[in-house]
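Take a look at the structure below.
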Amino acid sequence: AKQLHGRKRPFRAQDLARLMYDTSLAPIQVVQKWRGEDNEGQAENIEEDSDDEFFKKAKREDDDLTEDRTVPLFNYEALEEKWSDLDAIKDLKTRFANVHLGDDEE
Amino acid sequence: MSGGTTEFVRLTGHRAFAQRLVLATLTGRPVHISKIRSSSPTNPGLASHEISFLRLLEAVTNGTSLQISYSGTTITYHPGLITGSVAGLGASAGDIIEHTVPAGCARGVTYFLIHLALLAPFAKAHMNVRMSGPGVITSATDAGDISIDSFRTAILPLYGLFGILPARIELRVLQRSCSGGGGGAVEMRFASQIRLPKTLHLNRTPGRVRRIRGVAYSTGVPASNNSRMIYSAREVLNPLVSDINIAAQYDKAPRGGPDSKNNKGGIGFGLCLVAETNSEGVIYSADLTSPSSGGVVPEDMGKKCAYQLLEIISQGGCTSWAASSTVLTLMAMGSEDVGRLRMGRDVLGSEEVIGLAKDLKSFGCSSWGLRQIDQSDENMTDYVVSVKGSGVGNVGRKIS
């Protein structure tokens with residue numbers, strides 16, 4: 001636990017409560033911060049800021065193209081890989097009623 | 001209502017557009033949204049589905065006024081009263097509001113219905129709307145809309161948790177259609193108007209998946225696609241659940257598409273899977289449809305949809321991604337009591353949910369409280385969100 005102390009732990013409820021209502025952050029930034037993914041992104045950003053205007057424009061345009069979704073976007077190849085794994089299935093089995101763990105193919 | 005001093009809620013961006021307008025209408029606060037796709041060189045401003053949604057809002061309310069700037073990148077919206085379908089007020093044929101979605105609308109009909117259903121419990125009269133026209137797509141879409149079947153089986157039952165009887169909500173699919181053409185027709189009769197939604201406490205275990213239901217639909221393509229999708233989906237799901245029942249629905253291609261001479265629009269196939277758990281009100285759904293460009297095999301679709309369902313189940317919590325905005329909005333509109341909802345980490349930590357929290361706050365609702373469940377357990381990644389209702393309720397019902 002001591003080793004972890006230096007690093008900020010991601011996914012803490014208090015952090016999200018604080019970040020969520022920070023009006024200076026866009027929702028996507030909140031999510032990234034909460035996940036602890038922003039560290040690498042920050043370094044990249046500084047580099048990009050010194051870049052010319054052109055690239056920044058393109059990036060914003062990308063934001064504009066994203067639409068609201070009800071079904072999340074999934075990478076189906078990754079999903080297939082994940083759920084072909086028997087261990088993952090086994091973990092998920094706790095979420096299913098009347099699963100007979102015995103009569104499985106294994 | 002606000003007595004001259006109109007204080008706009010100022011928001012930017014095109015995200016969650018319909019969601020924001022619904023919140024504005026429910027709370028009765030005028031809203032000013034700017035920078036709608038302002039940096040897009042090809043299609044700036046409001047998209048056709050958003051314009052269509054505005055027209056729908058105008059039809060079900062009384063006294064709504066809105067101004068859109070020339071470029072369509074800025075809009076001011078003054079909400080009116082939610083009247084529902086009153087004869088003589090927009091409702092043309094009998095007691096039903098006809099809403100025609102023009103061609104070129106890429107979003108599914110659930111894009112409209114999910115948000116319309118949020119307004120409907122707070123309407124003065126019954127909310128009966130028939131959606132038709134060349135832009136109505138009843139299937140799921142590539143743009144990320146759920147299919148009408150998921151909407152009926154995974155979203156509408158959730159209204160029961162708030163004291164809004166699902167038995168009094170009727171959803172009829174008159175004509176199915178798939179993306180790329182439209183031409184469908186859907187009728188929603190929402191006869192369950194209430195004073196205030198009940199406070200929801202969905203903070204206990206999400207339960208275990210007890211059964212899986214689903215609908216496979218083929219519209220204008222051979223019905224054998226249905227059985228092929230069902231077969232491959234069952235291959236994935238059979239080891240996990242014994243009670244699986246997926247219905248097959250075959251329809252002819254919709255008539256009167258955008259190009260009626262050479263009508264190839266609106267055909268395709270898709271699959272919707274709904275997992276019900278043994279704890280009440282916890283429903284997970286997955287949706288997948290063939291892209292309008294074609295070129296997919298039904299077996300792949302079935303498999304992918306099943307994997308999507310597994311992923312959504314594994315995200316945990318008592319509400320799936322698709323249903324979270326509905327549940328959270330109704331919670332925030334409820335009586336002034338704290339309701340609790342258990343959510344998975346990936347659902348809570350998504351852009352949409354965070355955005356909703358921000359929007360609710362800017363519309364004057366109280367902030368959410370967050371608490372992690374059982375921090376000692378590493379695998380436990382669920383959170384309990386406490387939402388205090390704002391007691392907005394139904395303005396029209398207060399008199400009676």
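Going by the structure tokens order, chains are called A, B, ..., each with residues numbered from 1, while ligands are numbered from 1 in the order shown.
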
If the cut-off is 7 Å, can you tell me the residues of chain B near chain A, counting only C-alpha atoms? I'd like them as a PyMOL selection string. chain B and resi 15-16+37+39-40+143-146+208-210+240-241+304+307+314+322+349-351+354-355+358+370-372

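Within region 92-170 of chain B, DSSP applied to the backbone places the following residues in alpha helix (DSSP H): Val109, Thr110, Tyr111, Phe112, Leu113, Ile114, His115, Leu116, Ala117, Leu118, Leu119, Ile148, Asp149 and Ser150 of chain B.
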
Computed interatomic separation between CA of Arg211 (chain B) and CA of Ala286 (chain B) (Å):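 Calculated distance between CA of Arg211 (chain B) and CA of Ala286 (chain B) is 13.9 Å.
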
Which one of B:Ile164, B:Ile155, B:Ala216, B:Ile68 sits closest to Ala191 (chain B) if you count only C-alpha atoms?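 Going through B:Ile164, B:Ile155, B:Ala216, B:Ile68 one by one, the smallest distance to Ala191 (chain B) is for B:Ile164.
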
Skipping near chain neighbours, those fewer than 4 positions away, what residues fall within 9 Å of region 19-30 of chain B using only C-alpha atoms, listed as a ChimeraX atom specification? /B:1-2,6-11,15,54,57,61,64,76-82,115-116,118-119,122,325,329,333,356,359-360,363-365,390,392-394

Selected residues written out, N, CA, C and O atoms, as a short mmCIF file (atom, residue, chain, number, x, y, z; two decimals), in the first residue's frame:
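Dumped to again-v5.cif:
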```
data_model
loop_
_atom_site.label_atom_id
_atom_site.label_comp_id
_atom_site.auth_asym_id
_atom_site.auth_seq_id
_atom_site.Cartn_x
_atom_site.Cartn_y
_atom_site.Cartn_z
N MET B 1 -44.02 32.27 -17.31
CA MET B 1 -43.80 31.48 -16.09
C MET B 1 -42.68 32.06 -15.25
O MET B 1 -42.80 32.28 -14.06
N SER B 2 -41.56 32.36 -15.94
CA SER B 2 -40.41 32.83 -15.19
C SER B 2 -40.50 34.33 -14.95
O SER B 2 -39.60 34.92 -14.39
N THR B 6 -35.78 36.20 -17.83
CA THR B 6 -35.42 34.88 -18.34
C THR B 6 -33.93 34.67 -18.19
O THR B 6 -33.13 35.37 -18.81
N GLU B 7 -33.58 33.73 -17.39
CA GLU B 7 -32.18 33.41 -17.22
C GLU B 7 -31.89 32.14 -18.00
O GLU B 7 -32.38 31.08 -17.68
N PHE B 8 -31.12 32.31 -19.02
CA PHE B 8 -30.84 31.15 -19.85
C PHE B 8 -29.82 30.23 -19.19
O PHE B 8 -28.88 30.70 -18.55
N VAL B 9 -30.06 28.98 -19.38
CA VAL B 9 -29.01 28.02 -19.07
C VAL B 9 -28.14 27.97 -20.30
O VAL B 9 -28.61 27.68 -21.40
N ARG B 10 -26.88 28.33 -20.15
CA ARG B 10 -26.01 28.42 -21.33
C ARG B 10 -25.13 27.20 -21.46
O ARG B 10 -24.40 26.83 -20.55
N LEU B 11 -25.26 26.57 -22.61
CA LEU B 11 -24.51 25.35 -22.86
C LEU B 11 -23.87 25.45 -24.23
O LEU B 11 -24.29 26.23 -25.07
N ARG B 15 -23.37 17.76 -28.34
CA ARG B 15 -23.58 16.49 -27.65
C ARG B 15 -24.79 16.60 -26.74
O ARG B 15 -25.10 17.65 -26.19
N LEU B 54 -36.84 18.80 -32.59
CA LEU B 54 -37.39 20.08 -32.18
C LEU B 54 -38.85 20.21 -32.60
O LEU B 54 -39.69 20.68 -31.84
N LEU B 57 -40.92 18.19 -30.33
CA LEU B 57 -41.10 18.87 -29.05
C LEU B 57 -42.18 19.95 -29.16
O LEU B 57 -43.02 20.10 -28.26
N THR B 61 -45.82 20.07 -26.92
CA THR B 61 -45.88 21.09 -25.90
C THR B 61 -46.74 22.26 -26.38
O THR B 61 -47.06 22.37 -27.55
N THR B 64 -44.11 26.59 -26.67
CA THR B 64 -42.68 26.50 -26.89
C THR B 64 -42.26 27.49 -27.95
O THR B 64 -42.91 27.62 -28.98
N THR B 76 -31.79 29.19 -29.19
CA THR B 76 -32.38 29.49 -27.90
C THR B 76 -33.75 28.81 -27.84
O THR B 76 -34.50 28.81 -28.82
N TYR B 77 -34.03 28.23 -26.72
CA TYR B 77 -35.23 27.41 -26.60
C TYR B 77 -35.97 27.78 -25.32
O TYR B 77 -35.42 27.68 -24.22
N HIS B 78 -37.20 28.23 -25.50
CA HIS B 78 -38.05 28.52 -24.34
C HIS B 78 -39.06 27.38 -24.22
O HIS B 78 -39.92 27.25 -25.08
N PRO B 79 -38.98 26.58 -23.22
CA PRO B 79 -39.90 25.45 -23.14
C PRO B 79 -41.31 25.90 -22.79
O PRO B 79 -41.51 26.90 -22.09
N GLY B 80 -42.27 25.16 -23.29
CA GLY B 80 -43.66 25.41 -22.94
C GLY B 80 -44.15 24.34 -22.00
O GLY B 80 -43.36 23.62 -21.38
N LEU B 81 -45.45 24.25 -21.88
CA LEU B 81 -46.03 23.20 -21.05
C LEU B 81 -46.12 21.91 -21.85
O LEU B 81 -46.43 21.92 -23.04
N ILE B 82 -45.89 20.81 -21.18
CA ILE B 82 -46.00 19.52 -21.86
C ILE B 82 -47.47 19.14 -21.86
O ILE B 82 -48.05 18.80 -20.83
N HIS B 115 -36.30 9.94 -25.68
CA HIS B 115 -36.43 11.26 -25.07
C HIS B 115 -37.88 11.67 -24.92
O HIS B 115 -38.26 12.33 -23.97
N LEU B 116 -38.70 11.26 -25.87
CA LEU B 116 -40.12 11.58 -25.78
C LEU B 116 -40.75 10.87 -24.58
O LEU B 116 -41.59 11.42 -23.87
N LEU B 118 -39.40 10.26 -21.86
CA LEU B 118 -39.05 10.95 -20.63
C LEU B 118 -40.01 12.10 -20.34
O LEU B 118 -40.27 12.44 -19.19
N LEU B 119 -40.53 12.69 -21.40
CA LEU B 119 -41.47 13.79 -21.21
C LEU B 119 -42.87 13.28 -20.92
O LEU B 119 -43.63 13.91 -20.17
N PHE B 122 -44.93 13.28 -17.65
CA PHE B 122 -45.19 14.60 -17.09
C PHE B 122 -46.16 15.42 -17.94
O PHE B 122 -46.31 16.60 -17.72
N SER B 325 -29.33 6.91 -18.82
CA SER B 325 -29.80 8.30 -18.89
C SER B 325 -31.28 8.39 -18.55
O SER B 325 -31.71 9.33 -17.88
N THR B 329 -32.37 10.43 -15.21
CA THR B 329 -33.20 11.62 -15.40
C THR B 329 -34.49 11.50 -14.60
O THR B 329 -34.90 12.45 -13.92
N MET B 333 -35.89 13.85 -11.47
CA MET B 333 -37.15 14.56 -11.54
C MET B 333 -38.11 14.14 -10.43
O MET B 333 -39.21 14.67 -10.32
N LEU B 356 -24.35 14.07 -18.42
CA LEU B 356 -25.70 14.20 -17.87
C LEU B 356 -25.65 14.82 -16.47
O LEU B 356 -26.46 15.67 -16.13
N ASP B 359 -25.09 18.44 -16.89
CA ASP B 359 -26.27 19.12 -17.41
C ASP B 359 -27.35 19.24 -16.35
O ASP B 359 -27.98 20.29 -16.20
N LEU B 360 -27.55 18.17 -15.59
CA LEU B 360 -28.57 18.22 -14.54
C LEU B 360 -28.25 19.32 -13.55
O LEU B 360 -29.12 20.05 -13.10
N PHE B 363 -29.07 22.66 -14.88
CA PHE B 363 -30.50 22.93 -14.91
C PHE B 363 -31.09 23.02 -13.50
O PHE B 363 -32.30 22.95 -13.32
N GLY B 364 -30.23 23.12 -12.54
CA GLY B 364 -30.72 23.40 -11.20
C GLY B 364 -31.03 22.18 -10.36
O GLY B 364 -31.62 22.31 -9.29
N CYS B 365 -30.69 21.01 -10.83
CA CYS B 365 -30.88 19.83 -9.99
C CYS B 365 -29.67 19.68 -9.08
O CYS B 365 -28.61 20.25 -9.33
N SER B 390 -35.62 16.55 -7.68
CA SER B 390 -35.82 18.00 -7.59
C SER B 390 -37.28 18.34 -7.37
O SER B 390 -37.63 19.50 -7.23
N VAL B 392 -39.71 18.35 -9.36
CA VAL B 392 -40.32 19.15 -10.42
C VAL B 392 -41.73 18.64 -10.70
O VAL B 392 -42.70 19.37 -10.62
N GLY B 393 -41.80 17.36 -10.96
CA GLY B 393 -43.11 16.74 -11.11
C GLY B 393 -43.89 17.25 -12.29
O GLY B 393 -43.36 17.85 -13.21
N ASN B 394 -45.16 17.01 -12.21
CA ASN B 394 -46.03 17.28 -13.33
C ASN B 394 -46.83 18.55 -13.07
O ASN B 394 -47.68 18.59 -12.19
#
```

Could you pull out all residues of region 75-299 of chain B with a DSSP call of strand (DSSP E or B) and give them as a PyMOL selection string? chain B and resi 75-78+81-82+86-87+89-91+93+96-100+127-132+169-175+185-190+201-202+209-219+244-251+268-277+283-289

Using only C-alpha atoms, I'd like a table of the residues in region 278-344 of chain B that come within 8 Å of region 134-142 of chain B; for each, show the closest atom pair and its distance in Å rounded to one decimal, ordered by chain and ascending number, as a Markdown table.
```
| residue | atom | partner | partner_atom | distance |
| --- | --- | --- | --- | --- |
| B:Asp287 | CA | B:Ala140 | CA | 6.5 |
| B:Leu288 | CA | B:Ala140 | CA | 6.3 |
| B:Thr289 | CA | B:Ala140 | CA | 5.7 |
| B:Pro291 | CA | B:Asp142 | CA | 6.3 |
```
